[in-house]
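Engineer: Below is the file query_1.pdb, which contains PDB, C-alpha atoms.
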ATOM      1  CA  MET A   1     126.860 126.953  88.918  1.00  0.00           C
ATOM      2  CA  SER A   2     128.845 127.098  92.149  1.00  0.00           C
ATOM      3  CA  LEU A   3     131.097 124.043  92.528  1.00  0.00           C
ATOM      4  CA  PRO A   4     133.417 122.900  95.336  1.00  0.00           C
ATOM      5  CA  GLU A   5     136.882 124.449  95.491  1.00  0.00           C
ATOM      6  CA  ILE A   6     139.602 122.444  93.706  1.00  0.00           C
ATOM      7  CA  VAL A   7     142.502 121.557  96.019  1.00  0.00           C
ATOM      8  CA  SER A   8     145.311 119.011  96.317  1.00  0.00           C
ATOM      9  CA  ARG A   9     144.704 115.565  97.799  1.00  0.00           C
ATOM     10  CA  GLU A  10     146.632 116.591 100.922  1.00  0.00           C
ATOM     11  CA  GLU A  11     144.467 119.700 101.433  1.00  0.00           C
ATOM     12  CA  TRP A  12     141.316 117.628 100.813  1.00  0.00           C
ATOM     13  CA  LEU A  13     142.370 115.127 103.502  1.00  0.00           C
ATOM     14  CA  VAL A  14     142.798 117.909 106.058  1.00  0.00           C
ATOM     15  CA  ALA A  15     139.293 119.200 105.320  1.00  0.00           C
ATOM     16  CA  ARG A  16     137.817 115.695 105.237  1.00  0.00           C
ATOM     17  CA  ARG A  17     139.302 114.764 108.609  1.00  0.00           C
ATOM     18  CA  ALA A  18     137.913 117.950 110.147  1.00  0.00           C
ATOM     19  CA  LEU A  19     134.468 117.100 108.786  1.00  0.00           C
ATOM     20  CA  LEU A  20     134.851 113.499 110.017  1.00  0.00           C
ATOM     21  CA  ALA A  21     135.257 114.784 113.567  1.00  0.00           C
ATOM     22  CA  ARG A  22     131.962 116.676 113.221  1.00  0.00           C
ATOM     23  CA  GLU A  23     130.296 113.598 111.665  1.00  0.00           C
ATOM     24  CA  LYS A  24     131.356 111.515 114.661  1.00  0.00           C
ATOM     25  CA  GLU A  25     129.886 114.142 116.998  1.00  0.00           C
ATOM     26  CA  PHE A  26     126.659 113.997 115.024  1.00  0.00           C
ATOM     27  CA  THR A  27     126.630 110.181 115.187  1.00  0.00           C
ATOM     28  CA  ARG A  28     126.977 110.250 118.975  1.00  0.00           C
ATOM     29  CA  ALA A  29     124.273 112.915 119.228  1.00  0.00           C
ATOM     30  CA  ARG A  30     122.017 110.846 116.975  1.00  0.00           C
ATOM     31  CA  ASP A  31     122.580 107.776 119.165  1.00  0.00           C
ATOM     32  CA  GLU A  32     121.545 109.797 122.219  1.00  0.00           C
ATOM     33  CA  LEU A  33     118.493 111.130 120.398  1.00  0.00           C
ATOM     34  CA  ASN A  34     117.505 107.586 119.393  1.00  0.00           C
ATOM     35  CA  ALA A  35     117.920 106.483 123.014  1.00  0.00           C
ATOM     36  CA  ASP A  36     115.671 109.333 124.164  1.00  0.00           C
ATOM     37  CA  ARG A  37     113.131 108.284 121.538  1.00  0.00           C
ATOM     38  CA  ARG A  38     113.145 104.789 122.999  1.00  0.00           C
ATOM     39  CA  ARG A  39     112.609 106.311 126.451  1.00  0.00           C
ATOM     40  CA  LEU A  40     109.370 107.993 125.369  1.00  0.00           C
ATOM     41  CA  PRO A  41     106.326 106.792 127.320  1.00  0.00           C
ATOM     42  CA  MET A  42     103.568 105.047 125.379  1.00  0.00           C
ATOM     43  CA  VAL A  43      99.799 105.343 125.150  1.00  0.00           C
ATOM     44  CA  GLU A  44      97.387 102.424 124.994  1.00  0.00           C
ATOM     45  CA  ILE A  45      95.139 102.389 121.926  1.00  0.00           C
ATOM     46  CA  ASP A  46      91.619 101.660 123.182  1.00  0.00           C
ATOM     47  CA  LYS A  47      89.692 102.571 120.018  1.00  0.00           C
ATOM     48  CA  ASP A  48      88.643  99.729 117.729  1.00  0.00           C
ATOM     49  CA  TYR A  49      89.988 100.981 114.425  1.00  0.00           C
ATOM     50  CA  ARG A  50      88.913  98.964 111.394  1.00  0.00           C
ATOM     51  CA  PHE A  51      90.857  98.641 108.154  1.00  0.00           C
ATOM     52  CA  GLU A  52      90.114  96.943 104.857  1.00  0.00           C
ATOM     53  CA  GLY A  53      92.794  94.714 103.360  1.00  0.00           C
ATOM     54  CA  PRO A  54      92.998  92.206 100.525  1.00  0.00           C
ATOM     55  CA  GLN A  55      91.948  89.442 102.934  1.00  0.00           C
ATOM     56  CA  GLY A  56      89.040  91.425 104.390  1.00  0.00           C
ATOM     57  CA  PRO A  57      88.451  93.647 107.443  1.00  0.00           C
ATOM     58  CA  VAL A  58      91.089  93.750 110.163  1.00  0.00           C
ATOM     59  CA  GLY A  59      91.689  95.694 113.366  1.00  0.00           C
ATOM     60  CA  LEU A  60      94.892  97.458 114.393  1.00  0.00           C
ATOM     61  CA  PRO A  61      96.241  94.344 116.196  1.00  0.00           C
ATOM     62  CA  GLY A  62      95.869  92.405 112.935  1.00  0.00           C
ATOM     63  CA  LEU A  63      98.251  94.770 111.149  1.00  0.00           C
ATOM     64  CA  PHE A  64     101.090  93.454 113.357  1.00  0.00           C
ATOM     65  CA  ASP A  65     100.783  90.087 111.572  1.00  0.00           C
ATOM     66  CA  GLY A  66     101.866  88.307 114.758  1.00  0.00           C
ATOM     67  CA  ARG A  67     104.940  90.470 115.397  1.00  0.00           C
ATOM     68  CA  ALA A  68     105.752  92.670 118.408  1.00  0.00           C
ATOM     69  CA  GLN A  69     106.193  95.973 116.603  1.00  0.00           C
ATOM     70  CA  LEU A  70     104.327  97.790 113.851  1.00  0.00           C
ATOM     71  CA  VAL A  71     105.412 100.711 111.675  1.00  0.00           C
ATOM     72  CA  ILE A  72     102.676 102.437 109.664  1.00  0.00           C
ATOM     73  CA  TYR A  73     103.486 104.821 106.851  1.00  0.00           C
ATOM     74  CA  HIS A  74     100.518 107.151 106.394  1.00  0.00           C
ATOM     75  CA  ALA A  75     100.505 107.402 102.593  1.00  0.00           C
ATOM     76  CA  MET A  76      98.550 110.326 101.149  1.00  0.00           C
ATOM     77  CA  PHE A  77      95.671 108.993  99.038  1.00  0.00           C
ATOM     78  CA  ASP A  78      92.426 110.964  99.247  1.00  0.00           C
ATOM     79  CA  PRO A  79      89.309 108.905  98.412  1.00  0.00           C
ATOM     80  CA  SER A  80      88.559 111.248  95.495  1.00  0.00           C
ATOM     81  CA  TRP A  81      91.965 110.641  93.856  1.00  0.00           C
ATOM     82  CA  GLU A  82      92.613 107.891  91.332  1.00  0.00           C
ATOM     83  CA  THR A  83      96.300 107.541  92.277  1.00  0.00           C
ATOM     84  CA  GLY A  84      98.343 108.116  95.401  1.00  0.00           C
ATOM     85  CA  CYS A  85     100.551 111.111  96.165  1.00  0.00           C
ATOM     86  CA  ARG A  86     103.676 111.285  93.998  1.00  0.00           C
ATOM     87  CA  SER A  87     105.988 112.210  96.859  1.00  0.00           C
ATOM     88  CA  CYS A  88     104.609 109.412  99.048  1.00  0.00           C
ATOM     89  CA  SER A  89     105.029 107.054  96.108  1.00  0.00           C
ATOM     90  CA  ALA A  90     108.691 108.051  95.816  1.00  0.00           C
ATOM     91  CA  PHE A  91     109.078 107.265  99.517  1.00  0.00           C
ATOM     92  CA  ILE A  92     107.381 103.872  99.152  1.00  0.00           C
ATOM     93  CA  ASP A  93     109.710 103.006  96.246  1.00  0.00           C
ATOM     94  CA  GLN A  94     112.613 103.189  98.711  1.00  0.00           C
ATOM     95  CA  ILE A  95     111.277 100.856 101.407  1.00  0.00           C
ATOM     96  CA  GLY A  96     113.016  97.729 100.123  1.00  0.00           C
ATOM     97  CA  HIS A  97     112.573  94.109 101.185  1.00  0.00           C
ATOM     98  CA  LEU A  98     110.577  93.714 104.382  1.00  0.00           C
ATOM     99  CA  ALA A  99     112.269  90.455 105.423  1.00  0.00           C
ATOM    100  CA  HIS A 100     114.963  92.404 107.273  1.00  0.00           C
ATOM    101  CA  LEU A 101     112.367  94.216 109.407  1.00  0.00           C
ATOM    102  CA  ARG A 102     110.258  91.117 109.930  1.00  0.00           C
ATOM    103  CA  ALA A 103     113.292  89.140 111.121  1.00  0.00           C
ATOM    104  CA  ARG A 104     113.532  91.729 113.891  1.00  0.00           C
ATOM    105  CA  GLY A 105     109.927  91.311 114.995  1.00  0.00           C
ATOM    106  CA  THR A 106     108.647  94.377 113.164  1.00  0.00           C
ATOM    107  CA  SER A 107     105.914  94.701 110.539  1.00  0.00           C
ATOM    108  CA  LEU A 108     105.633  97.654 108.157  1.00  0.00           C
ATOM    109  CA  VAL A 109     102.401  98.502 106.349  1.00  0.00           C
ATOM    110  CA  LEU A 110     100.901 101.404 104.437  1.00  0.00           C
ATOM    111  CA  VAL A 111      97.575 102.943 105.457  1.00  0.00           C
ATOM    112  CA  SER A 112      95.570 105.407 103.337  1.00  0.00           C
ATOM    113  CA  ARG A 113      92.065 106.829 103.377  1.00  0.00           C
ATOM    114  CA  ALA A 114      91.273 105.813  99.777  1.00  0.00           C
ATOM    115  CA  PRO A 115      88.978 102.784  99.245  1.00  0.00           C
ATOM    116  CA  LEU A 116      90.762  99.472  98.907  1.00  0.00           C
ATOM    117  CA  ALA A 117      89.825  99.022  95.231  1.00  0.00           C
ATOM    118  CA  LYS A 118      91.696 102.214  94.286  1.00  0.00           C
ATOM    119  CA  ILE A 119      94.642 101.237  96.461  1.00  0.00           C
ATOM    120  CA  GLU A 120      94.894  97.810  94.864  1.00  0.00           C
ATOM    121  CA  ARG A 121      94.772  99.190  91.318  1.00  0.00           C
ATOM    122  CA  PHE A 122      97.509 101.705  92.046  1.00  0.00           C
ATOM    123  CA  ARG A 123      99.639  99.195  93.969  1.00  0.00           C
ATOM    124  CA  ALA A 124      99.495  96.818  91.003  1.00  0.00           C
ATOM    125  CA  ARG A 125     100.595  99.608  88.661  1.00  0.00           C
ATOM    126  CA  MET A 126     103.546 100.484  90.908  1.00  0.00           C
ATOM    127  CA  GLY A 127     104.526  96.835  91.420  1.00  0.00           C
ATOM    128  CA  TRP A 128     104.709  97.162  95.207  1.00  0.00           C
ATOM    129  CA  THR A 129     104.412  94.219  97.595  1.00  0.00           C
ATOM    130  CA  VAL A 130     104.251  96.247 100.831  1.00  0.00           C
ATOM    131  CA  PRO A 131     100.958  95.453 102.623  1.00  0.00           C
ATOM    132  CA  TRP A 132      98.549  98.367 102.100  1.00  0.00           C
ATOM    133  CA  PHE A 133      95.301  98.866 104.006  1.00  0.00           C
ATOM    134  CA  SER A 134      92.401 101.278 103.636  1.00  0.00           C
ATOM    135  CA  SER A 135      91.223 103.319 106.619  1.00  0.00           C
ATOM    136  CA  PHE A 136      88.223 104.594 104.640  1.00  0.00           C
ATOM    137  CA  GLY A 137      85.303 105.366 106.947  1.00  0.00           C
ATOM    138  CA  SER A 138      87.314 105.189 110.186  1.00  0.00           C
ATOM    139  CA  ASP A 139      88.721 107.871 112.499  1.00  0.00           C
ATOM    140  CA  PHE A 140      92.275 106.603 112.138  1.00  0.00           C
ATOM    141  CA  ASN A 141      93.663 109.266 109.767  1.00  0.00           C
ATOM    142  CA  TYR A 142      92.022 112.076 111.731  1.00  0.00           C
ATOM    143  CA  ASP A 143      93.169 110.799 115.119  1.00  0.00           C
ATOM    144  CA  PHE A 144      96.760 110.559 113.853  1.00  0.00           C
ATOM    145  CA  HIS A 145      96.545 114.001 112.220  1.00  0.00           C
ATOM    146  CA  VAL A 146      97.340 113.006 108.661  1.00  0.00           C
ATOM    147  CA  THR A 147      93.911 114.038 107.359  1.00  0.00           C
ATOM    148  CA  LEU A 148      93.039 117.586 108.424  1.00  0.00           C
ATOM    149  CA  ASP A 149      89.339 118.370 108.497  1.00  0.00           C
ATOM    150  CA  GLU A 150      87.891 120.813 111.028  1.00  0.00           C
ATOM    151  CA  SER A 151      84.421 119.380 110.416  1.00  0.00           C
ATOM    152  CA  VAL A 152      85.631 116.096 111.946  1.00  0.00           C
ATOM    153  CA  CYS A 153      88.046 117.212 114.671  1.00  0.00           C
ATOM    154  CA  PRO A 154      90.202 120.225 115.613  1.00  0.00           C
ATOM    155  CA  VAL A 155      93.112 120.651 113.210  1.00  0.00           C
ATOM    156  CA  GLU A 156      96.519 119.648 114.567  1.00  0.00           C
ATOM    157  CA  HIS A 157      99.691 118.826 112.691  1.00  0.00           C
ATOM    158  CA  ASN A 158     103.172 117.957 113.943  1.00  0.00           C
ATOM    159  CA  TYR A 159     102.024 118.583 117.528  1.00  0.00           C
ATOM    160  CA  ARG A 160     100.888 122.151 116.834  1.00  0.00           C
ATOM    161  CA  SER A 161      97.362 123.536 116.646  1.00  0.00           C
ATOM    162  CA  ALA A 162      96.186 125.641 113.701  1.00  0.00           C
ATOM    163  CA  GLU A 163      96.695 128.789 115.800  1.00  0.00           C
ATOM    164  CA  GLU A 164     100.250 127.761 116.709  1.00  0.00           C
ATOM    165  CA  HIS A 165     101.048 127.140 113.048  1.00  0.00           C
ATOM    166  CA  GLN A 166      99.712 130.577 112.155  1.00  0.00           C
ATOM    167  CA  ARG A 167     101.915 132.219 114.783  1.00  0.00           C
ATOM    168  CA  ALA A 168     104.939 130.221 113.587  1.00  0.00           C
ATOM    169  CA  GLY A 169     104.383 131.063 109.926  1.00  0.00           C
ATOM    170  CA  THR A 170     103.776 127.428 108.984  1.00  0.00           C
ATOM    171  CA  ASP A 171     100.057 127.791 108.370  1.00  0.00           C
ATOM    172  CA  TYR A 172     100.446 126.339 104.859  1.00  0.00           C
ATOM    173  CA  PHE A 173      99.854 123.039 106.666  1.00  0.00           C
ATOM    174  CA  VAL A 174      96.461 124.100 107.925  1.00  0.00           C
ATOM    175  CA  SER A 175      95.154 126.818 105.587  1.00  0.00           C
ATOM    176  CA  SER A 176      94.550 124.683 102.483  1.00  0.00           C
ATOM    177  CA  GLU A 177      91.178 123.421 101.350  1.00  0.00           C
ATOM    178  CA  GLN A 178      89.967 120.603 103.590  1.00  0.00           C
ATOM    179  CA  PRO A 179      90.041 117.673 103.882  1.00  0.00           C
ATOM    180  CA  PHE A 180      93.793 117.946 103.425  1.00  0.00           C
ATOM    181  CA  GLU A 181      96.048 114.889 103.325  1.00  0.00           C
ATOM    182  CA  LEU A 182      99.538 114.822 104.827  1.00  0.00           C
ATOM    183  CA  PRO A 183     102.167 112.087 105.197  1.00  0.00           C
ATOM    184  CA  GLY A 184     103.389 110.665 108.469  1.00  0.00           C
ATOM    185  CA  LEU A 185     104.854 107.611 110.143  1.00  0.00           C
ATOM    186  CA  SER A 186     103.646 105.993 113.357  1.00  0.00           C
ATOM    187  CA  CYS A 187     105.088 103.201 115.506  1.00  0.00           C
ATOM    188  CA  PHE A 188     103.227 100.783 117.764  1.00  0.00           C
ATOM    189  CA  LEU A 189     104.131  98.074 120.259  1.00  0.00           C
ATOM    190  CA  ARG A 190     102.034  95.025 121.094  1.00  0.00           C
ATOM    191  CA  VAL A 191     102.216  93.677 124.648  1.00  0.00           C
ATOM    192  CA  ASP A 192     100.079  90.565 125.140  1.00  0.00           C
ATOM    193  CA  ASP A 193      96.640  91.585 123.848  1.00  0.00           C
ATOM    194  CA  LYS A 194      97.197  95.347 124.161  1.00  0.00           C
ATOM    195  CA  VAL A 195      98.472  97.803 121.531  1.00  0.00           C
ATOM    196  CA  PHE A 196     100.437 100.941 122.429  1.00  0.00           C
ATOM    197  CA  HIS A 197     101.326 104.002 120.366  1.00  0.00           C
ATOM    198  CA  THR A 198     105.018 104.802 120.920  1.00  0.00           C
ATOM    199  CA  TYR A 199     105.978 107.387 118.268  1.00  0.00           C
ATOM    200  CA  SER A 200     104.800 109.439 115.289  1.00  0.00           C
ATOM    201  CA  THR A 201     106.713 111.826 113.052  1.00  0.00           C
ATOM    202  CA  TYR A 202     105.730 114.168 110.249  1.00  0.00           C
ATOM    203  CA  GLY A 203     107.212 116.691 107.813  1.00  0.00           C
ATOM    204  CA  ARG A 204     111.001 116.652 107.706  1.00  0.00           C
ATOM    205  CA  GLY A 205     111.044 113.896 110.278  1.00  0.00           C
ATOM    206  CA  LEU A 206     110.343 111.668 107.286  1.00  0.00           C
ATOM    207  CA  ASP A 207     112.954 112.811 104.776  1.00  0.00           C
ATOM    208  CA  VAL A 208     115.859 111.257 106.694  1.00  0.00           C
ATOM    209  CA  LEU A 209     114.130 107.867 106.338  1.00  0.00           C
ATOM    210  CA  GLY A 210     114.302 107.810 102.533  1.00  0.00           C
ATOM    211  CA  SER A 211     117.381 106.424 100.797  1.00  0.00           C
ATOM    212  CA  THR A 212     117.176 108.903  97.892  1.00  0.00           C
ATOM    213  CA  THR A 213     117.573 111.980 100.091  1.00  0.00           C
ATOM    214  CA  SER A 214     120.121 110.181 102.288  1.00  0.00           C
ATOM    215  CA  PHE A 215     122.291 109.354  99.266  1.00  0.00           C
ATOM    216  CA  LEU A 216     121.954 112.864  97.813  1.00  0.00           C
ATOM    217  CA  ASP A 217     122.910 114.460 101.138  1.00  0.00           C
ATOM    218  CA  LEU A 218     126.348 112.812 100.741  1.00  0.00           C
ATOM    219  CA  THR A 219     126.996 114.275  97.276  1.00  0.00           C
ATOM    220  CA  ALA A 220     128.599 117.574  96.243  1.00  0.00           C
ATOM    221  CA  LEU A 221     125.385 118.881  94.658  1.00  0.00           C
ATOM    222  CA  GLY A 222     123.120 117.630  97.454  1.00  0.00           C
ATOM    223  CA  ARG A 223     119.391 117.460  96.810  1.00  0.00           C
ATOM    224  CA  GLN A 224     119.746 120.230  94.211  1.00  0.00           C
ATOM    225  CA  GLU A 225     117.037 122.330  95.801  1.00  0.00           C
ATOM    226  CA  GLY A 226     117.074 126.093  96.215  1.00  0.00           C
ATOM    227  CA  TRP A 227     116.974 126.154 100.043  1.00  0.00           C
ATOM    228  CA  GLU A 228     120.223 124.225 100.478  1.00  0.00           C
ATOM    229  CA  LYS A 229     123.585 125.721 101.323  1.00  0.00           C
ATOM    230  CA  PRO A 230     126.073 126.517  99.915  1.00  0.00           C
ATOM    231  CA  GLU A 231     123.988 128.521  97.478  1.00  0.00           C
ATOM    232  CA  GLY A 232     124.332 128.035  93.743  1.00  0.00           C
ATOM    233  CA  ARG A 233     124.400 124.230  93.662  1.00  0.00           C
ATOM    234  CA  ALA A 234     120.836 123.764  92.366  1.00  0.00           C
ATOM    235  CA  THR A 235     120.937 122.292  88.854  1.00  0.00           C
ATOM    236  CA  GLY A 236     117.260 122.236  87.977  1.00  0.00           C
ATOM    237  CA  LEU A 237     117.171 118.519  88.829  1.00  0.00           C
ATOM    238  CA  GLY A 238     115.928 119.057  92.376  1.00  0.00           C
ATOM    239  CA  ALA A 239     112.533 117.601  93.223  1.00  0.00           C
ATOM    240  CA  PRO A 240     111.097 118.989  96.466  1.00  0.00           C
ATOM    241  CA  ALA A 241     108.242 116.955  97.928  1.00  0.00           C
ATOM    242  CA  GLY A 242     104.944 117.954  96.377  1.00  0.00           C
ATOM    243  CA  SER A 243     106.553 119.639  93.364  1.00  0.00           C
ATOM    244  CA  PRO A 244     105.782 118.762  89.712  1.00  0.00           C
ATOM    245  CA  GLN A 245     109.338 117.410  89.375  1.00  0.00           C
ATOM    246  CA  VAL A 246     108.365 114.418  91.511  1.00  0.00           C
ATOM    247  CA  ARG A 247     106.809 111.773  89.268  1.00  0.00           C
ATOM    248  CA  TYR A 248     105.714 108.162  89.568  1.00  0.00           C
ATOM    249  CA  HIS A 249     108.636 105.871  88.821  1.00  0.00           C
ATOM    250  CA  ASP A 250     107.068 104.735  85.544  1.00  0.00           C
ATOM    251  CA  GLU A 251     106.792 108.337  84.282  1.00  0.00           C
ATOM    252  CA  TYR A 252     110.490 109.276  84.209  1.00  0.00           C
ATOM    253  CA  ASP A 253     112.192 109.138  80.828  1.00  0.00           C
ATOM    254  CA  ASP A 254     115.154 107.211  82.266  1.00  0.00           C
TER     255      ASP A 254
END
Just give me the structure as structure tokens.

Structural biologist:
Amino acid sequence: MSLPEIVSREEWLVARRALLAREKEFTRARDELNADRRRLPMVEIDKDYRFEGPQGPVGLPGLFDGRAQLVIYHAMFDPSWETGCRSCSAFIDQIGHLAHLRARGTSLVLVSRAPLAKIERFRARMGWTVPWFSSFGSDFNYDFHVTLDESVCPVEHNYRSAEEHQRAGTDYFVSSEQPFELPGLSCFLRVDDKVFHTYSTYGRGLDVLGSTTSFLDLTALGRQEGWEKPEGRATGLGAPAGSPQVRYHDEYDD
């Protein structure tokens, strides 16, 4: 296995300070990107989406739970499945205590297409307390392009049509058997009695939000996946999203 070069502490400090300068550039660029994200215009939601929660039916405004902002993680859970997606489950494990978001006027909930009874059984098994709602029977997943089904609406994912994905060589998103579930994250703002959609992200826009990948990106071996550079660091412990190496947290040996 390829490992980092062994050097003296003095040589390491020279290299580390050079990397620190690049990290600071990246931090400033990230701050500018975040500012541009906040400058995005917003779109009013005028459709009456209905969700099923433990306390009964609720509309999109009800998911805010009285707060100004709402973050929805679109967790993959097809109605025909008995459990949710393993990769989405690994993401949900990392969410942490919601009090810190709520103190800043922001609610976070999960939404999936599976019926509520299946969601509740799986949530109990995983021990999660994050609010989780079913969008079963509504247009919500299709309108936000996390359930792809040409029989319901034209296929679009990550702001590209099926034809654009085919030209870009990313048609694995759109060529699988339908309906096809995908993860995503959407943000909303409530102003008086109106709800606005401000942002959605998909694909690798999500992996920077998880603490596992963020921690691994700081280590010498990284995520231990074959696509990473420098080559030769993969140890067989990598677990790309959707791969068999990703398990539910109660299925790992240790």

Engineer: Give me the residues near Gly127 of chain A as a VMD selection string, where near means some atom within 12 Å (using only C-alpha atoms) and where sequence neighbours in that chain fewer than 5 positions away do not count.

Structural biologist: chain A and resid 89 92 to 93 119 to 122 248 to 250

Engineer: I'd like the neighbourhood of Asp48 of chain A as a PyMOL selection string, where a residue qualifies if any of its atoms comes within 9 Å (using all atoms listed in the file), though same-chain residues fewer than 3 positions away should be ignored.

Structural biologist: chain A and resi 45+59-60

Engineer: Now that the selection is made, can you save its residues with C-alpha atoms as a tab-separated table (two decimals), in the coordinates of the input?

Structural biologist:
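Saved to result_2.tsv:
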chain	number	residue	atom	x	y	z
A	45	ILE	CA	95.14	102.39	121.93
A	59	GLY	CA	91.69	95.69	113.37
A	60	LEU	CA	94.89	97.46	114.39

Engineer: Leaving out Pro240 of chain A and any residue of its chain fewer than 5 positions from it, which residues lie within 9 Å of it when counting all atoms listed in the file, given as a list in words?

Structural biologist: Ser87, Arg223, Glu225, Gln245 and Val246 of chain A

Engineer: List every residue of segment 180-244 of chain A that has an atom at most 8 Å from any atom of segment 137-155 of chain A, giving for each one its closest atom pair and the distance in Å to one decimal, counting all atoms listed in the file, sorted by chain and then by ascending residue number, as a Markdown table.

Structural biologist:
| residue | atom | partner | partner_atom | distance |
| --- | --- | --- | --- | --- |
| A:Phe180 | CA | A:Leu148 | CA | 5.1 |
| A:Glu181 | CA | A:Thr147 | CA | 4.6 |
| A:Leu182 | CA | A:Val146 | CA | 4.8 |
| A:Pro183 | CA | A:Val146 | CA | 6.0 |
| A:Gly184 | CA | A:Val146 | CA | 6.5 |

Engineer: Mind checking which residues fall within 12 Å of Leu221 of chain A, counting all atoms listed in the file, ignoring those fewer than 6 positions away in the same chain, and posting them as a PyMOL selection string?

Structural biologist: chain A and resi 1-4+213+215+228-238

Engineer: Give me the result of the PyMOL selection byres ((chain A and resi 44) around 9) on this file, residue by residue, as a VMD selection string.

Structural biologist: chain A and resid 42 to 43 45 to 46 194 to 198

Engineer: On this structure, the PyMOL selection byres ((chain A and resi 102-104) around 10) would catch which residues? List them as a ChimeraX atom specification, sorted by chain and number.

Structural biologist: /A:65,67-70,97-101,105-108

Engineer: So which residues touch Tyr199 of chain A within 9 Å, counting all atoms listed in the file, skipping near sequence neighbours fewer than 6 positions away, as an MDAnalysis selection string?

Structural biologist: chainID A and resid 37:38 40 42 185:188

Engineer: Of the candidates A:Gly84, A:Lys24, A:Gly203, A:Leu189, which shows the shortest atom-to-atom distance to Thr170 of chain A, using all atoms listed in the file?

Structural biologist: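 Checking each of A:Gly84, A:Lys24, A:Gly203, A:Leu189 against Thr170 of chain A, counting all atoms listed in the file, the winner is A:Gly203.
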
Engineer: Atom CA of Trp227 of chain A to atom CA of Asp171 of chain A: how many Å, to one decimal?

Structural biologist: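 Separation between atom CA of Trp227 of chain A and atom CA of Asp171 of chain A: 18.9 Å.
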
Engineer: Could you state the separation of atom CA of Ser176 of chain A and atom CA of Leu206 of chain A in Å, given to one decimal place?

Structural biologist: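 Taking atom CA of Ser176 of chain A and atom CA of Leu206 of chain A, their separation equals 21.0 Å.
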
Engineer: Atom CA of Pro179 of chain A and atom CA of Ala162 of chain A, how far apart in Å?

Structural biologist: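 That distance, rounded to one decimal, is 14.1 Å.
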
Engineer: Enclose the full set of atoms of segment 109-122 of chain A listed in the file within a box whose edges lie along x, y and z, apply 3 Å of padding to each of the six sides, and report centre and edge lengths in Å to one decimal as lines of an AutoDock Vina configuration file.

Structural biologist:
center_x = 95.7
center_y = 102.3
center_z = 98.8
size_x = 19.4
size_y = 15.0
size_z = 21.0
